[in-house]
file model28.tsv (TSV, C-alpha atoms)
chain	number	residue	atom	x	y	z
Y	17	GLN	CA	58.30	179.96	81.18
Y	18	VAL	CA	58.09	177.01	83.56
Y	19	GLN	CA	59.61	173.81	82.24
Y	20	LEU	CA	60.51	170.40	83.59
Y	21	VAL	CA	62.45	168.41	81.02
Y	22	GLU	CA	63.17	164.74	81.65
Y	23	SER	CA	65.93	162.80	79.95
Y	24	GLY	CA	67.85	159.56	80.32
Y	25	GLY	CA	65.18	157.01	79.52
Y	26	GLY	CA	65.68	154.14	77.12
Y	27	LEU	CA	65.83	150.40	76.65
Y	28	VAL	CA	67.80	148.39	79.21
Y	29	GLN	CA	68.11	144.70	79.99
Y	30	PRO	CA	66.84	143.27	83.28
Y	31	GLY	CA	69.40	143.87	86.00
Y	32	GLY	CA	70.71	146.96	84.26
Y	33	SER	CA	70.81	150.60	85.35
Y	34	LEU	CA	69.60	153.95	84.10
Y	35	ARG	CA	69.88	157.48	85.44
Y	36	LEU	CA	67.00	159.84	84.77
Y	37	SER	CA	67.43	163.59	84.93
Y	38	CYS	CA	64.83	166.34	85.18
Y	39	ALA	CA	66.01	169.87	84.47
Y	40	ALA	CA	63.89	172.70	85.86
Y	41	ARG	CA	63.49	176.20	84.47
Y	42	GLY	CA	61.29	179.17	85.23
Y	43	PHE	CA	60.73	178.72	88.97
Y	44	THR	CA	62.72	178.65	92.21
Y	45	PHE	CA	63.79	175.03	92.10
Y	46	SER	CA	65.31	174.97	95.59
Y	47	SER	CA	61.93	175.89	97.10
Y	48	TYR	CA	60.11	172.98	95.50
Y	49	ALA	CA	59.70	169.41	96.66
Y	50	MET	CA	60.45	167.14	93.72
Y	51	SER	CA	59.14	163.71	92.87
Y	52	TRP	CA	59.34	161.00	90.26
Y	53	TYR	CA	56.17	159.21	89.17
Y	54	ARG	CA	55.65	156.48	86.62
Y	55	GLN	CA	52.77	155.18	84.57
Y	56	ALA	CA	52.71	151.79	82.91
Y	57	PRO	CA	50.25	150.96	80.11
Y	58	GLY	CA	46.78	150.39	81.51
Y	59	LYS	CA	47.77	151.42	85.02
Y	60	GLU	CA	47.41	154.54	87.11
Y	61	ARG	CA	50.28	156.92	87.62
Y	62	GLU	CA	52.14	156.03	90.82
Y	63	LEU	CA	54.64	157.80	93.04
Y	64	VAL	CA	58.11	156.30	92.81
Y	65	ALA	CA	60.31	158.58	94.90
Y	66	SER	CA	60.28	162.06	96.40
Y	67	ILE	CA	62.78	164.51	97.85
Y	68	THR	CA	62.01	167.54	99.97
Y	69	THR	CA	63.68	170.93	99.92
Y	70	ARG	CA	65.80	169.66	102.81
Y	71	HIS	CA	66.82	166.57	100.87
Y	72	SER	CA	64.70	164.11	102.86
Y	73	THR	CA	63.75	161.21	100.64
Y	74	ASP	CA	60.97	158.64	100.44
Y	75	TYR	CA	60.41	155.68	98.13
Y	76	ALA	CA	57.70	153.32	97.01
Y	77	ASP	CA	58.17	149.87	98.53
Y	78	SER	CA	58.62	148.39	95.07
Y	79	VAL	CA	61.80	150.40	94.42
Y	80	LYS	CA	63.37	150.68	97.87
Y	81	GLY	CA	66.99	149.60	97.82
Y	82	ARG	CA	67.16	149.83	94.01
Y	83	PHE	CA	66.34	153.47	93.18
Y	84	THR	CA	67.91	156.65	94.55
Y	85	ILE	CA	66.51	160.15	94.17
Y	86	SER	CA	68.77	163.17	94.51
Y	87	ARG	CA	68.77	166.84	93.63
Y	88	ASP	CA	71.30	169.50	92.68
Y	89	ASN	CA	70.02	172.96	93.52
Y	90	VAL	CA	72.89	174.58	91.62
Y	91	LYS	CA	72.04	172.77	88.40
Y	92	ASN	CA	68.28	172.93	89.10
Y	93	THR	CA	68.05	169.23	88.39
Y	94	VAL	CA	66.56	166.20	90.10
Y	95	TYR	CA	67.86	162.72	89.38
Y	96	LEU	CA	66.61	159.18	89.68
Y	97	GLN	CA	69.30	156.51	89.72
Y	98	MET	CA	67.69	153.17	88.91
Y	99	ASN	CA	69.62	149.96	89.52
Y	100	SER	CA	68.69	146.28	89.30
Y	101	LEU	CA	65.91	147.14	86.88
Y	102	LYS	CA	63.06	144.69	86.40
Y	103	PRO	CA	60.57	144.31	83.54
Y	104	GLU	CA	57.87	145.62	85.87
Y	105	ASP	CA	59.75	148.93	86.06
Y	106	THR	CA	58.78	149.55	82.43
Y	107	ALA	CA	56.76	152.77	82.30
Y	108	VAL	CA	56.80	156.40	81.33
Y	109	TYR	CA	58.59	158.29	84.11
Y	110	TYR	CA	57.53	161.83	85.00
Y	111	CYS	CA	59.03	164.38	87.31
Y	112	LYS	CA	56.87	166.70	89.36
Y	113	GLY	CA	57.60	169.84	91.31
Y	114	ARG	CA	55.39	171.06	94.16
Y	115	GLY	CA	55.75	174.44	95.81
Y	116	VAL	CA	54.80	175.35	99.38
Y	117	LEU	CA	51.88	177.44	98.12
Y	118	GLY	CA	50.46	174.53	96.17
Y	119	SER	CA	51.77	175.18	92.66
Y	120	VAL	CA	52.46	171.95	90.78
Y	121	TYR	CA	54.48	171.41	87.62
Y	122	TRP	CA	54.90	168.24	85.57
Y	123	GLY	CA	57.39	167.20	82.95
Y	124	GLN	CA	56.47	165.56	79.67
Y	125	GLY	CA	57.80	162.13	80.63
Y	126	THR	CA	60.54	159.80	79.46
Y	127	GLN	CA	60.05	156.15	78.47
Y	128	VAL	CA	61.89	153.42	80.36
Y	129	THR	CA	61.69	149.93	78.92
Y	130	VAL	CA	63.23	146.95	80.70
Y	131	SER	CA	63.40	143.95	78.41
Y	132	SER	CA	65.79	141.30	77.18
call {"tool": "encode", "arguments": {"input": "model28.tsv", "output": "C-alpha coordinates"}}
result
Amino acid sequence: QVQLVESGGGLVQPGGSLRLSCAARGFTFSSYAMSWYRQAPGKERELVASITTRHSTDYADSVKGRFTISRDNVKNTVYLQMNSLKPEDTAVYYCKGRGVLGSVYWGQGTQVTVSS
(Lines of atoms letter the chains of each structure in order from A and count residues from 1; the text may use other names and numbers.)
(Lines give C-alpha, C1' and ligand atoms only; values in the text may rest on other atoms or scores of the structure.)
Protein backbone atom coordinates (compact mmCIF):
# COMPACT_ATOMS: atom_id res chain seq x y z
CA GLN A 1 0.00 0.00 0.00
CA VAL A 2 1.39 3.37 -1.05
CA GLN A 3 1.64 5.91 1.73
CA LEU A 4 3.17 9.32 2.25
CA VAL A 5 2.93 10.37 5.88
CA GLU A 6 3.86 13.91 6.87
CA SER A 7 4.80 14.95 10.38
CA GLY A 8 6.47 17.81 12.21
CA GLY A 9 3.91 20.56 11.79
CA GLY A 10 2.68 22.73 14.62
CA LEU A 11 2.46 26.21 16.06
CA VAL A 12 5.60 28.34 16.00
CA GLN A 13 6.33 32.01 16.64
CA PRO A 14 7.52 34.28 13.83
CA GLY A 15 11.24 33.83 13.33
CA GLY A 16 11.12 30.27 14.58
CA SER A 17 11.93 26.98 12.88
CA LEU A 18 10.23 23.70 12.10
CA ARG A 19 11.35 20.54 10.36
CA LEU A 20 8.76 18.62 8.38
CA SER A 21 9.22 14.96 7.52
CA CYS A 22 7.45 12.82 4.94
CA ALA A 23 7.90 9.07 5.25
CA ALA A 24 7.23 7.00 2.13
CA ARG A 25 6.04 3.41 1.93
CA GLY A 26 4.91 1.09 -0.82
CA PHE A 27 6.95 2.40 -3.76
CA THR A 28 10.58 2.80 -4.82
CA PHE A 29 11.28 6.08 -3.08
CA SER A 30 14.72 6.61 -4.62
CA SER A 31 13.18 6.62 -8.11
CA TYR A 32 10.74 9.40 -7.32
CA ALA A 33 11.16 13.15 -7.45
CA MET A 34 9.77 14.59 -4.24
CA SER A 35 8.20 17.94 -3.53
CA TRP A 36 6.61 19.96 -0.78
CA TYR A 37 3.49 22.01 -1.52
CA ARG A 38 1.40 24.19 0.74
CA GLN A 39 -2.13 25.51 0.75
CA ALA A 40 -3.29 28.44 2.82
CA PRO A 41 -6.99 29.08 3.51
CA GLY A 42 -8.69 30.52 0.45
CA LYS A 43 -5.63 30.08 -1.74
CA GLU A 44 -4.50 27.58 -4.33
CA ARG A 45 -1.98 24.91 -3.52
CA GLU A 46 1.51 26.11 -4.41
CA LEU A 47 4.88 24.43 -4.91
CA VAL A 48 7.32 25.23 -2.13
CA ALA A 49 10.37 23.09 -2.86
CA SER A 50 11.37 20.07 -4.91
CA ILE A 51 14.22 17.59 -5.04
CA THR A 52 15.06 15.24 -7.88
CA THR A 53 16.31 11.68 -7.70
CA ARG A 54 19.80 13.13 -8.10
CA HIS A 55 19.27 15.54 -5.21
CA SER A 56 18.96 18.68 -7.33
CA THR A 57 16.76 21.18 -5.55
CA ASP A 58 14.52 24.08 -6.47
CA TYR A 59 12.55 26.55 -4.35
CA ALA A 60 9.75 29.06 -4.63
CA ASP A 61 11.08 32.61 -4.50
CA SER A 62 9.14 33.23 -1.30
CA VAL A 63 11.12 30.61 0.64
CA LYS A 64 14.57 30.80 -0.93
CA GLY A 65 17.25 31.20 1.70
CA ARG A 66 14.88 30.15 4.50
CA PHE A 67 13.74 26.62 3.60
CA THR A 68 15.85 23.58 2.74
CA ILE A 69 14.57 20.36 1.18
CA SER A 70 16.52 17.14 1.55
CA ARG A 71 15.97 13.42 1.19
CA ASP A 72 17.28 10.23 2.77
CA ASN A 73 16.90 7.30 0.41
CA VAL A 74 17.82 4.84 3.16
CA LYS A 75 15.04 6.06 5.45
CA ASN A 76 12.67 6.70 2.51
CA THR A 77 12.01 10.15 3.88
CA VAL A 78 11.99 13.68 2.52
CA TYR A 79 12.46 16.66 4.81
CA LEU A 80 11.69 20.35 4.75
CA GLN A 81 13.72 22.46 7.15
CA MET A 82 11.94 25.78 7.62
CA ASN A 83 13.77 28.67 9.27
CA SER A 84 12.90 32.33 9.84
CA LEU A 85 9.22 31.47 9.59
CA LYS A 86 6.74 34.22 8.80
CA PRO A 87 2.98 34.42 9.38
CA GLU A 88 2.49 34.11 5.63
CA ASP A 89 4.06 30.64 5.79
CA THR A 90 0.94 29.45 7.63
CA ALA A 91 -0.63 26.67 5.57
CA VAL A 92 -1.21 22.96 5.32
CA TYR A 93 1.98 21.42 3.93
CA TYR A 94 1.79 18.38 1.66
CA CYS A 95 4.47 16.15 0.25
CA LYS A 96 4.20 14.71 -3.24
CA GLY A 97 6.06 11.98 -5.04
CA ARG A 98 6.28 11.78 -8.83
CA GLY A 99 7.67 8.81 -10.71
CA VAL A 100 9.31 8.83 -14.14
CA LEU A 101 6.29 7.07 -15.65
CA GLY A 102 3.91 9.70 -14.35
CA SER A 103 2.60 8.12 -11.16
CA VAL A 104 1.86 10.72 -8.48
CA TYR A 105 1.29 10.23 -4.77
CA TRP A 106 0.24 12.79 -2.16
CA GLY A 107 0.38 12.81 1.60
CA GLN A 108 -2.49 13.86 3.83
CA GLY A 109 -0.88 17.14 4.91
CA THR A 110 0.40 18.67 8.12
CA GLN A 111 -0.65 22.05 9.52
CA VAL A 112 1.95 24.75 10.06
CA THR A 113 0.83 27.85 11.92
CA VAL A 114 3.14 30.83 12.41
CA SER A 115 1.74 33.20 14.99
CA SER A 116 2.70 35.09 18.12
call {"tool": "residues_around", "arguments": {"input": "model28.tsv", "residues": "Y:Val79", "least_positions_apart": "3", "cutoff": "10 Å", "atoms": "all atoms listed in the file", "output": "VMD selection string"}}
result
chain Y and resid 64 to 65 75 to 76 82 to 84 98 to 102 105
call {"tool": "atom_distance", "arguments": {"input": "model28.tsv", "atom1": "atom CA of Y:Ala49", "atom2": "atom CA of Y:Leu20"}}
result
13.1 Å
call {"tool": "closest_residue", "arguments": {"input": "model28.tsv", "among": "Y:Gly123, Y:Pro103, Y:Gly31, Y:Gly118", "to": "Y:Ser51", "atoms": "all atoms listed in the file"}}
result
Y:Gly123
call {"tool": "closest_residue", "arguments": {"input": "model28.tsv", "among": "Y:Arg41, Y:His71, Y:Arg61, Y:Lys91", "to": "Y:Val108", "atoms": "all atoms listed in the file"}}
result
Y:Arg61
call {"tool": "atom_distance", "arguments": {"input": "model28.tsv", "atom1": "atom CA of Y:Asp88", "atom2": "atom CA of Y:Tyr53"}}
result
18.6 Å
call {"tool": "residues_near_point", "arguments": {"input": "model28.tsv", "point": "(65.8, 145.9, 79.0)", "cutoff": "6 Å", "atoms": "all atoms listed in the file", "output": "VMD selection string"}}
result
chain Y and resid 27 to 30 129 to 132
call {"tool": "residues_around", "arguments": {"input": "model28.tsv", "residues": "Y:Ala40", "least_positions_apart": "6", "cutoff": "6 Å", "atoms": "all atoms listed in the file", "output": "ChimeraX atom specification"}}
result
/Y:19-20,92-93
call {"tool": "write_last_selection", "arguments": {"input": "model28.tsv", "atoms": "C-alpha atoms", "output": "mmCIF file, in the coordinates of the input"}}
result
data_model
loop_
_atom_site.group_PDB
_atom_site.id
_atom_site.type_symbol
_atom_site.label_atom_id
_atom_site.label_comp_id
_atom_site.auth_asym_id
_atom_site.auth_seq_id
_atom_site.Cartn_x
_atom_site.Cartn_y
_atom_site.Cartn_z
ATOM 1 C CA GLN Y 19 59.610 173.810 82.240
ATOM 2 C CA LEU Y 20 60.510 170.400 83.590
ATOM 3 C CA ASN Y 92 68.280 172.930 89.100
ATOM 4 C CA THR Y 93 68.050 169.230 88.390
#
call {"tool": "atom_distance", "arguments": {"input": "model28.tsv", "atom1": "atom CA of Y:Gln97", "atom2": "atom CA of Y:Leu34"}}
result
6.2 Å
call {"tool": "residues_near_point", "arguments": {"input": "model28.tsv", "point": "(56.9, 178.6, 99.7)", "cutoff": "8 Å", "atoms": "all atoms listed in the file", "output": "PyMOL selection string"}}
result
chain Y and resi 47-48+115-117
call {"tool": "closest_residue", "arguments": {"input": "model28.tsv", "among": "Y:Ser72, Y:Ser119, Y:Ser33, Y:Ser86", "to": "Y:Trp52", "atoms": "all atoms listed in the file"}}
result
Y:Ser86
call {"tool": "residues_around", "arguments": {"input": "model28.tsv", "residues": "Y:Gln124", "least_positions_apart": "5", "cutoff": "8 Å", "atoms": "only C-alpha atoms", "output": "short mmCIF file (atom, residue, chain, number, x, y, z; two decimals) with C-alpha atoms, in the coordinates of the input"}}
result
data_model
loop_
_atom_site.label_atom_id
_atom_site.label_comp_id
_atom_site.auth_asym_id
_atom_site.auth_seq_id
_atom_site.Cartn_x
_atom_site.Cartn_y
_atom_site.Cartn_z
CA LEU Y 20 60.51 170.40 83.59
CA VAL Y 21 62.45 168.41 81.02
CA GLU Y 22 63.17 164.74 81.65
CA TYR Y 110 57.53 161.83 85.00
#
call {"tool": "axis_aligned_box", "arguments": {"input": "model28.tsv", "around": "stretch 100-109 of chain Y", "padding_each_side": "5 Å", "output": "lines of an AutoDock Vina configuration file"}}
result
center_x = 62.7
center_y = 151.3
center_z = 85.3
size_x = 21.9
size_y = 24.0
size_z = 18.0
call {"tool": "residues_around", "arguments": {"input": "model28.tsv", "residues": "Y:Asn89", "least_positions_apart": "5", "cutoff": "10 Å", "atoms": "all atoms listed in the file", "output": "PyMOL selection string"}}
result
chain Y and resi 40+44-47+69+94
call {"tool": "closest_residue", "arguments": {"input": "model28.tsv", "among": "Y:Arg54, Y:Arg70, Y:Arg35, Y:Lys80", "to": "Y:Ser23", "atoms": "all atoms listed in the file"}}
result
Y:Arg35
call {"tool": "closest_residue", "arguments": {"input": "model28.tsv", "among": "Y:Tyr109, Y:Leu96, Y:Gln55, Y:Gly25", "to": "Y:Ile67", "atoms": "all atoms listed in the file"}}
result
Y:Leu96
call {"tool": "build_atoms", "arguments": {"input": "model28.tsv", "residues": "stretch 92-113 of chain Y", "atoms": "N, CA and C atoms", "output": "CSV table (one decimal), in the coordinates of the input"}}
result
chain,number,residue,atom,x,y,z
Y,92,ASN,N,69.7,173.0,89.2
Y,92,ASN,CA,68.3,172.9,89.1
Y,92,ASN,C,67.8,171.6,88.5
Y,93,THR,N,68.3,170.5,89.0
Y,93,THR,CA,68.0,169.2,88.4
Y,93,THR,C,67.8,168.2,89.5
Y,94,VAL,N,66.8,167.3,89.2
Y,94,VAL,CA,66.6,166.2,90.1
Y,94,VAL,C,66.9,164.9,89.3
Y,95,TYR,N,67.4,163.9,90.0
Y,95,TYR,CA,67.9,162.7,89.4
Y,95,TYR,C,67.1,161.5,90.0
Y,96,LEU,N,67.1,160.5,89.2
Y,96,LEU,CA,66.6,159.2,89.7
Y,96,LEU,C,67.6,158.1,89.2
Y,97,GLN,N,68.4,157.6,90.1
Y,97,GLN,CA,69.3,156.5,89.7
Y,97,GLN,C,68.5,155.2,89.9
Y,98,MET,N,68.5,154.4,88.9
Y,98,MET,CA,67.7,153.2,88.9
Y,98,MET,C,68.6,152.0,88.6
Y,99,ASN,N,68.8,151.1,89.6
Y,99,ASN,CA,69.6,150.0,89.5
Y,99,ASN,C,68.8,148.7,89.6
Y,100,SER,N,69.4,147.6,89.2
Y,100,SER,CA,68.7,146.3,89.3
Y,100,SER,C,67.3,146.3,88.7
Y,101,LEU,N,67.2,146.9,87.5
Y,101,LEU,CA,65.9,147.1,86.9
Y,101,LEU,C,65.2,145.8,86.5
Y,102,LYS,N,63.9,145.9,86.7
Y,102,LYS,CA,63.1,144.7,86.4
Y,102,LYS,C,62.1,145.0,85.3
Y,103,PRO,N,61.6,144.0,84.6
Y,103,PRO,CA,60.6,144.3,83.5
Y,103,PRO,C,59.4,145.1,84.1
Y,104,GLU,N,59.0,144.9,85.3
Y,104,GLU,CA,57.9,145.6,85.9
Y,104,GLU,C,58.2,147.1,86.1
Y,105,ASP,N,59.4,147.5,86.0
Y,105,ASP,CA,59.8,148.9,86.1
Y,105,ASP,C,59.5,149.7,84.8
Y,106,THR,N,59.1,148.9,83.7
Y,106,THR,CA,58.8,149.6,82.4
Y,106,THR,C,57.6,150.5,82.6
Y,107,ALA,N,57.8,151.7,82.2
Y,107,ALA,CA,56.8,152.8,82.3
Y,107,ALA,C,57.3,154.1,81.7
Y,108,VAL,N,56.4,155.0,81.6
Y,108,VAL,CA,56.8,156.4,81.3
Y,108,VAL,C,57.0,157.1,82.7
Y,109,TYR,N,58.2,157.7,82.8
Y,109,TYR,CA,58.6,158.3,84.1
Y,109,TYR,C,58.4,159.8,84.0
Y,110,TYR,N,57.8,160.4,85.0
Y,110,TYR,CA,57.5,161.8,85.0
Y,110,TYR,C,58.1,162.5,86.3
Y,111,CYS,N,58.7,163.6,86.1
Y,111,CYS,CA,59.0,164.4,87.3
Y,111,CYS,C,58.0,165.4,87.6
Y,112,LYS,N,57.9,165.8,88.9
Y,112,LYS,CA,56.9,166.7,89.4
Y,112,LYS,C,57.5,167.6,90.4
Y,113,GLY,N,57.2,168.9,90.3
Y,113,GLY,CA,57.6,169.8,91.3
Y,113,GLY,C,56.4,170.4,92.0
